[in-house]
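Worksheet: one structure, shown below.
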Amino acid sequence: MNTPHVRERRGEQTPRFFWEPCAVPASGVEAEADRHARATWSALAESTDAAARYLWLARGPIEALSIALEGSIREIASVLEEAACDPEAEMLHVTAAHESMRIRNARHAAERAKAAWTERVEEARNVLDRSMSSGIELVRPGEPGWPAGFSALGINAPFALWHAGSRRTPSEGKAVALVGARGATRYGTSVARDFAAALAERGVRVVSGGALGIDAAAHSGALEARSVHEGGGGTAAFLAGGLDDYYPRANAGLLARVRGEGGLYSEAPIGARPTRWRFLSRNRLIAAASDATIVVEAAWRSGALSTAAHADALSLPVGAVPGPVTSSESSGCHRLIAERGAQLISRVEDIEMMIAGVAGGVETVGLESPAESTGALPLDVELLGPLDRLVFDGIPRFSAIGVRELATQCALDREQVRSSLARIELLGLAHVSRGRARRN
């Protein structure tokens with residue numbers, strides 16, 4: 001709930017937050033302004049931008065945009081301090097790779113945020129019109145295609161959702177996330193494909209991330225099946241980059257089919273390339289858009305486990321498919337079952353019971369919360385703080401990147417990136433030469 005002074009400013013008995021359908025104007029000039037603001041923010045700020053979310057929490061998308069672009073540092077800092085008094089700010093944990101994102105120093109955060117937003121103004125200009133010309137539309141809370149489960153994300157909900165497809169995937173009906181290893185075995189892909197086909201035939205929507213391996217098998221299985229329920233079944237893919245450029249390239253044909261027969265979704269605008277932090281933040285959307293998350297095949301520290309962690313944090317059931325004890329690609333699933341209490345899945349009927357709320361299918365699995373889980377990383381990378389981790393993830397794996405480009409990509413100011421790179425260099429993870437950073 002909001003603090004009394006926030007309620008009085010809004011002039012309402014019940015707080016209305018940006019992620020709630022009741023807070024979204026449905027028509028008229030205000031609706032167009034809201035749509036434009038959400039679209040602009042999707043390009044102006046990353047989902048991990050705490051200052052942006054604080055502004056939204058305190059003032060909503062339209063006024064927040066005006067303050068961000070035209071307000072002074074002092075004005076922005078004042079609003080950040082106001083938002084910090086709201087208990088919702090305590091819940092700011094967008095990805096499983098980031099610790100609490102709560103802002104402690106409003107002035108400092110305002111200075112850095114203003115600099116970062118200024119760098120992206122041109123990138124955000126006319127993003128809504130450019131998207132529509134590419135057949136990509138904006139979906140807001142409460143509109144067809146906006147998953148009802150996003151409400152549970154609270155302050156961590158996306159600013160907006162971009163959609164590409166012949167039809168918006170209905171938000172009604174059951175949905176199951178099938179996720180797992182990119183380097184999946186033949187066994188894993190076979191199970192994922194069979195489960196997806198069986199679920200789609202039963203009218204259950206299959207949700208995944210469009211990646212190689214298990215994701216691709218899940219989408220393929222769902223596309224090959226014909227639902228016996230009118231309007232049910234099918235598949236949806238939540239991507240980590242803009243919907244104007246399919247990634248990975250090897251799945252371009254499959255993603256084109258998902259777009260034509262199901263739907264592609266992303267919180268990243270057109271032109272945004274997939275990055276590690278976007279993959280990690282995207283996982284919360286896959287979990288929230290589904291009634292249960294099933295990990296079909298995953299290594300000991302697979303990124304798919306972060307999707308399971310998000311599902312558990314949302315009190316949604318998590319299942320895992322056991323595999324050969326000799327397979328490293330199944331060790332993560334065995335870990336979920338043995339250590340985290342995930343439900344063992346050996347047939348599609350097990351999944352049906354989970355989403356129907358039958359006994360044994362409503363327990364959560366006790367994974368680390370998104371604020372505590374750091375994902376699959378070597379020890380030296382785990383020593384990085386949230387900001388340094390963001391900068392490190394922005395450095396390409398096999399090439400160098402300039403400080404200015406890295407700052408724009410991470411939505412940070414250049415001085416902030418330089419300081420972060422100095423700390424990363426001390427750990428021996430990267431080196432900077434002539435203003436360009438490269439991983440070691």
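Residue numbering restarts at 1 in every chain; chains get A, B, ... in the order shown in the structure tokens, and ligands count up from 1 in that same order.
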
Contact table stretch 176-272 of chain A vs stretch 120-132 of chain A, cut-off 10 Å, shortest pair per residue, only C-alpha atoms, as JSON lines:
```
{"residue": "A:Gly242", "atom": "CA", "partner": "A:Ser131", "partner_atom": "CA", "distance": 9.7}
{"residue": "A:Leu243", "atom": "CA", "partner": "A:Ser131", "partner_atom": "CA", "distance": 9.0}
{"residue": "A:Asp244", "atom": "CA", "partner": "A:Ser131", "partner_atom": "CA", "distance": 8.3}
{"residue": "A:Pro269", "atom": "CA", "partner": "A:Val127", "partner_atom": "CA", "distance": 7.4}
{"residue": "A:Ile270", "atom": "CA", "partner": "A:Ser131", "partner_atom": "CA", "distance": 6.5}
{"residue": "A:Gly271", "atom": "CA", "partner": "A:Glu123", "partner_atom": "CA", "distance": 8.8}
{"residue": "A:Ala272", "atom": "CA", "partner": "A:Glu123", "partner_atom": "CA", "distance": 9.7}
```

Select from stretch 109-354 of chain A everything DSSP, run on the backbone, classes as helix (DSSP H, G or I), then give the selection as a PyMOL selection string.
chain A and resi 109-119+121-124+127-133+148-156+186-201+214-224+249-261+276-288+304-313+328-340+348-354

Any chance you could export the current selection's C-alpha atoms as an mmCIF file, in the first residue's frame?
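Written output follows (part.cif):
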```
data_model
loop_
_atom_site.group_PDB
_atom_site.id
_atom_site.type_symbol
_atom_site.label_atom_id
_atom_site.label_comp_id
_atom_site.auth_asym_id
_atom_site.auth_seq_id
_atom_site.Cartn_x
_atom_site.Cartn_y
_atom_site.Cartn_z
ATOM 1 C CA ALA A 109 20.764 8.069 -8.555
ATOM 2 C CA ALA A 110 19.055 11.051 -10.203
ATOM 3 C CA GLU A 111 22.321 12.344 -11.681
ATOM 4 C CA ARG A 112 23.258 8.985 -13.155
ATOM 5 C CA ALA A 113 19.744 8.235 -14.412
ATOM 6 C CA LYS A 114 19.372 11.622 -16.099
ATOM 7 C CA ALA A 115 22.690 11.155 -17.910
ATOM 8 C CA ALA A 116 21.729 7.650 -19.051
ATOM 9 C CA TRP A 117 18.286 8.697 -20.283
ATOM 10 C CA THR A 118 19.752 11.639 -22.179
ATOM 11 C CA GLU A 119 22.052 9.232 -24.056
ATOM 12 C CA VAL A 121 16.651 10.034 -26.244
ATOM 13 C CA GLU A 122 17.284 9.647 -29.975
ATOM 14 C CA GLU A 123 16.993 5.879 -29.698
ATOM 15 C CA ALA A 124 13.551 6.274 -28.108
ATOM 16 C CA VAL A 127 9.689 4.096 -31.385
ATOM 17 C CA LEU A 128 5.937 3.489 -31.426
ATOM 18 C CA ASP A 129 5.497 4.583 -35.047
ATOM 19 C CA ARG A 130 8.596 2.682 -36.156
ATOM 20 C CA SER A 131 7.311 -0.457 -34.441
ATOM 21 C CA MET A 132 3.856 -0.247 -35.986
ATOM 22 C CA SER A 133 5.370 0.086 -39.451
ATOM 23 C CA ALA A 148 -2.955 -11.752 -16.130
ATOM 24 C CA GLY A 149 -0.052 -13.234 -14.160
ATOM 25 C CA PHE A 150 1.999 -10.072 -14.704
ATOM 26 C CA SER A 151 0.013 -8.425 -11.908
ATOM 27 C CA ALA A 152 1.862 -10.663 -9.448
ATOM 28 C CA LEU A 153 5.159 -9.089 -10.546
ATOM 29 C CA GLY A 154 4.099 -5.800 -9.004
ATOM 30 C CA ILE A 155 6.763 -3.122 -9.400
ATOM 31 C CA ASN A 156 8.830 -5.644 -11.388
ATOM 32 C CA ARG A 186 18.083 -36.004 -28.112
ATOM 33 C CA TYR A 187 16.228 -37.354 -25.085
ATOM 34 C CA GLY A 188 15.502 -33.855 -23.772
ATOM 35 C CA THR A 189 14.256 -32.438 -27.059
ATOM 36 C CA SER A 190 12.066 -35.495 -27.628
ATOM 37 C CA VAL A 191 10.432 -35.133 -24.214
ATOM 38 C CA ALA A 192 9.931 -31.382 -24.646
ATOM 39 C CA ARG A 193 8.371 -31.829 -28.082
ATOM 40 C CA ASP A 194 6.043 -34.608 -26.926
ATOM 41 C CA PHE A 195 4.949 -32.749 -23.784
ATOM 42 C CA ALA A 196 4.326 -29.544 -25.744
ATOM 43 C CA ALA A 197 2.265 -31.322 -28.376
ATOM 44 C CA ALA A 198 0.169 -33.111 -25.754
ATOM 45 C CA LEU A 199 -0.434 -29.887 -23.818
ATOM 46 C CA ALA A 200 -1.390 -27.929 -26.936
ATOM 47 C CA GLU A 201 -3.834 -30.652 -27.954
ATOM 48 C CA ILE A 214 14.508 -27.345 -25.241
ATOM 49 C CA ASP A 215 12.807 -24.029 -26.094
ATOM 50 C CA ALA A 216 12.842 -24.779 -29.814
ATOM 51 C CA ALA A 217 11.536 -28.300 -29.243
ATOM 52 C CA ALA A 218 8.699 -26.980 -27.067
ATOM 53 C CA HIS A 219 7.605 -24.405 -29.653
ATOM 54 C CA SER A 220 7.856 -26.976 -32.459
ATOM 55 C CA GLY A 221 5.785 -29.548 -30.606
ATOM 56 C CA ALA A 222 3.040 -27.044 -29.847
ATOM 57 C CA LEU A 223 2.938 -25.806 -33.442
ATOM 58 C CA GLU A 224 2.622 -29.335 -34.787
ATOM 59 C CA ARG A 249 19.514 -16.859 -36.201
ATOM 60 C CA ALA A 250 19.293 -20.645 -36.366
ATOM 61 C CA ASN A 251 15.716 -20.396 -35.077
ATOM 62 C CA ALA A 252 14.611 -17.655 -37.480
ATOM 63 C CA GLY A 253 12.319 -19.988 -39.415
ATOM 64 C CA LEU A 254 10.776 -21.400 -36.248
ATOM 65 C CA LEU A 255 10.244 -17.945 -34.729
ATOM 66 C CA ALA A 256 8.586 -16.809 -37.956
ATOM 67 C CA ARG A 257 6.132 -19.699 -37.552
ATOM 68 C CA VAL A 258 5.526 -18.817 -33.904
ATOM 69 C CA ARG A 259 4.846 -15.247 -34.993
ATOM 70 C CA GLY A 260 2.398 -16.398 -37.643
ATOM 71 C CA GLU A 261 0.577 -19.033 -35.620
ATOM 72 C CA ARG A 276 22.713 -11.554 -20.845
ATOM 73 C CA TRP A 277 20.824 -9.257 -18.485
ATOM 74 C CA ARG A 278 17.897 -9.072 -20.911
ATOM 75 C CA PHE A 279 17.760 -12.865 -21.025
ATOM 76 C CA LEU A 280 17.784 -13.002 -17.224
ATOM 77 C CA SER A 281 15.113 -10.322 -16.798
ATOM 78 C CA ARG A 282 13.049 -11.926 -19.578
ATOM 79 C CA ASN A 283 12.830 -15.123 -17.514
ATOM 80 C CA ARG A 284 10.516 -13.468 -14.990
ATOM 81 C CA LEU A 285 8.037 -12.816 -17.813
ATOM 82 C CA ILE A 286 8.046 -16.459 -18.910
ATOM 83 C CA ALA A 287 7.364 -17.558 -15.329
ATOM 84 C CA ALA A 288 4.649 -14.962 -14.672
ATOM 85 C CA ALA A 304 16.652 -22.115 -16.944
ATOM 86 C CA LEU A 305 16.851 -22.492 -13.172
ATOM 87 C CA SER A 306 16.369 -18.728 -12.827
ATOM 88 C CA THR A 307 12.974 -19.098 -14.523
ATOM 89 C CA ALA A 308 12.123 -21.758 -11.944
ATOM 90 C CA ALA A 309 13.294 -19.401 -9.168
ATOM 91 C CA HIS A 310 11.008 -16.651 -10.454
ATOM 92 C CA ALA A 311 8.060 -19.046 -10.644
ATOM 93 C CA ASP A 312 8.682 -20.154 -7.075
ATOM 94 C CA ALA A 313 8.959 -16.550 -5.879
ATOM 95 C CA SER A 328 25.333 -33.262 -17.030
ATOM 96 C CA GLU A 329 22.396 -31.704 -18.857
ATOM 97 C CA SER A 330 20.023 -33.311 -16.342
ATOM 98 C CA SER A 331 21.938 -32.414 -13.180
ATOM 99 C CA GLY A 332 20.005 -29.176 -12.758
ATOM 100 C CA CYS A 333 16.678 -31.030 -12.900
ATOM 101 C CA HIS A 334 17.920 -33.573 -10.351
ATOM 102 C CA ARG A 335 18.988 -30.665 -8.171
ATOM 103 C CA LEU A 336 15.509 -29.110 -8.359
ATOM 104 C CA ILE A 337 13.876 -32.385 -7.377
ATOM 105 C CA ALA A 338 16.318 -33.498 -4.669
ATOM 106 C CA GLU A 339 17.239 -30.180 -3.069
ATOM 107 C CA ARG A 340 14.436 -27.771 -3.906
ATOM 108 C CA VAL A 348 2.020 -34.946 -19.325
ATOM 109 C CA GLU A 349 -0.708 -35.935 -16.845
ATOM 110 C CA ASP A 350 1.624 -34.814 -14.036
ATOM 111 C CA ILE A 351 1.624 -31.331 -15.543
ATOM 112 C CA GLU A 352 -2.146 -31.333 -15.938
ATOM 113 C CA MET A 353 -2.527 -32.086 -12.232
ATOM 114 C CA MET A 354 -0.160 -29.269 -11.353
#
```

Can you measure atom CA of A:Ser315 to atom CA of A:Ser290 for me? One decimal in Å is fine.
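Going from atom CA of A:Ser315 over to atom CA of A:Ser290 covers 11.6 Å.
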
Based on DSSP run over this structure's backbone, return all residues of stretch 110-353 of chain A in strand (DSSP E or B), as a ChimeraX atom specification.
/A:136-139,161-164,175-180,205-208,235-238,264-266,292-297,318-320,343-344

Compile the contact shell of A:Ile67 as a list of chain:residue names: residues with an atom at most 10 Å away, counting only C-alpha atoms, same-chain residues fewer than 4 positions apart removed.
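Returned residues: A:Leu55, A:Arg59, A:Pro61, A:Ile62, A:Glu63, A:Gly71, A:Ser72, A:Ile73, A:Glu75, A:Ile76, A:Val79, A:Lys114.
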
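Taking atom CA of A:Val417 as the reference point, atom CA of A:Leu239 is found at 26.3 Å.
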
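Distance annotation: of A:Ala407, A:Gly234, A:Val432, A:Val179, the residue with the minimal separation from A:Val321 is A:Val179; atom set is only C-alpha atoms.
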